[in-house]
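Student: Let me begin by handing over the structure; questions about it come next.
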Amino acid sequence: MELFCNFDLTPSEIGEELGMTRQAAHEVFVKCCAVLEEYEKKLGFIEKISRLSKR
């Protein structure tokens with residue numbers, strides 16, 4: 001996730017860097033996104049930030 005978001009690498013580049021296939025890197029990214037979305041549903045940070053920025 002860090003390589004994709006912070007270093008703007010493609011799944012192919014990430015796979016090459018980590019010694020896995022492009023597909024495996026993509027699947028890990030998709031799973032990470034699902035976990036982060038679940039955390040967001042539970043914690044509601046986006047809503048809280050939105051509320052605070054409207055003040």
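Residue numbering restarts at 1 in every chain; chains get A, B, ... in the order shown in the structure tokens, and ligands count up from 1 in that same order.
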Run DSSP on the backbone and grab whatever in chain A lands in alpha helix (DSSP H); send it over as an MDAnalysis selection string.
Tutor: chainID A and resid 2:5 11:18 22:43 45:53
Student: With a distance cut-off of 10 Å and only C-alpha atoms, select the neighbouring residues of segment 7-11 of chain A, excluding the residue or stretch itself and same-chain residues fewer than 5 positions from it, and output the selection as a list in words.
Tutor: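 Using only C-alpha atoms, the neighbours found are Met1, Glu2, Glu16, Glu17, Met20, Thr21, Arg22, Gln23, Ala24, Ala25, His26, Glu27, Val28 and Phe29 of chain A.
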Student: Just write the chosen residues, N, CA and C atoms, as a CSV table (one decimal), in the first residue's frame.
Tutor:
chain,number,residue,atom,x,y,z
A,1,MET,N,0.8,-1.2,0.0
A,1,MET,CA,0.0,0.0,0.0
A,1,MET,C,0.9,1.3,0.0
A,2,GLU,N,1.9,1.2,0.8
A,2,GLU,CA,2.8,2.4,0.9
A,2,GLU,C,3.5,2.6,-0.5
A,16,GLU,N,7.5,-6.5,-9.0
A,16,GLU,CA,9.0,-6.7,-9.3
A,16,GLU,C,9.8,-6.4,-8.1
A,17,GLU,N,9.5,-5.3,-7.4
A,17,GLU,CA,10.2,-4.9,-6.2
A,17,GLU,C,10.1,-5.9,-5.0
A,20,MET,N,7.0,-10.7,-6.4
A,20,MET,CA,5.7,-11.3,-6.6
A,20,MET,C,5.1,-10.9,-8.0
A,21,THR,N,4.0,-11.6,-8.4
A,21,THR,CA,3.4,-11.2,-9.7
A,21,THR,C,2.7,-9.9,-9.5
A,22,ARG,N,2.4,-9.3,-10.7
A,22,ARG,CA,1.6,-8.1,-10.7
A,22,ARG,C,0.2,-8.4,-10.1
A,23,GLN,N,-0.3,-9.6,-10.5
A,23,GLN,CA,-1.7,-9.9,-10.0
A,23,GLN,C,-1.7,-10.1,-8.5
A,24,ALA,N,-0.7,-10.7,-7.9
A,24,ALA,CA,-0.6,-10.8,-6.4
A,24,ALA,C,-0.5,-9.4,-5.8
A,25,ALA,N,0.3,-8.5,-6.3
A,25,ALA,CA,0.4,-7.2,-5.8
A,25,ALA,C,-0.9,-6.5,-5.9
A,26,HIS,N,-1.6,-6.6,-7.0
A,26,HIS,CA,-2.9,-6.0,-7.1
A,26,HIS,C,-3.9,-6.6,-6.1
A,27,GLU,N,-3.9,-7.9,-5.9
A,27,GLU,CA,-4.8,-8.5,-4.9
A,27,GLU,C,-4.5,-8.0,-3.5
A,28,VAL,N,-3.3,-7.8,-3.2
A,28,VAL,CA,-3.0,-7.3,-1.8
A,28,VAL,C,-3.5,-5.9,-1.7
A,29,PHE,N,-3.3,-5.1,-2.8
A,29,PHE,CA,-3.8,-3.7,-2.7
A,29,PHE,C,-5.3,-3.7,-2.6
Student: Work out how far apart atom CA of Leu36 of chain A and atom CA of Ile49 of chain A are and give it in Å to one decimal.
Tutor: 16.3 Å
Student: With only C-alpha atoms as the basis for distance, which of A:Val35, A:Ser50, A:Gly15, A:Lys42 is at the shortest distance from Leu3 of chain A?
Tutor: A:Gly15
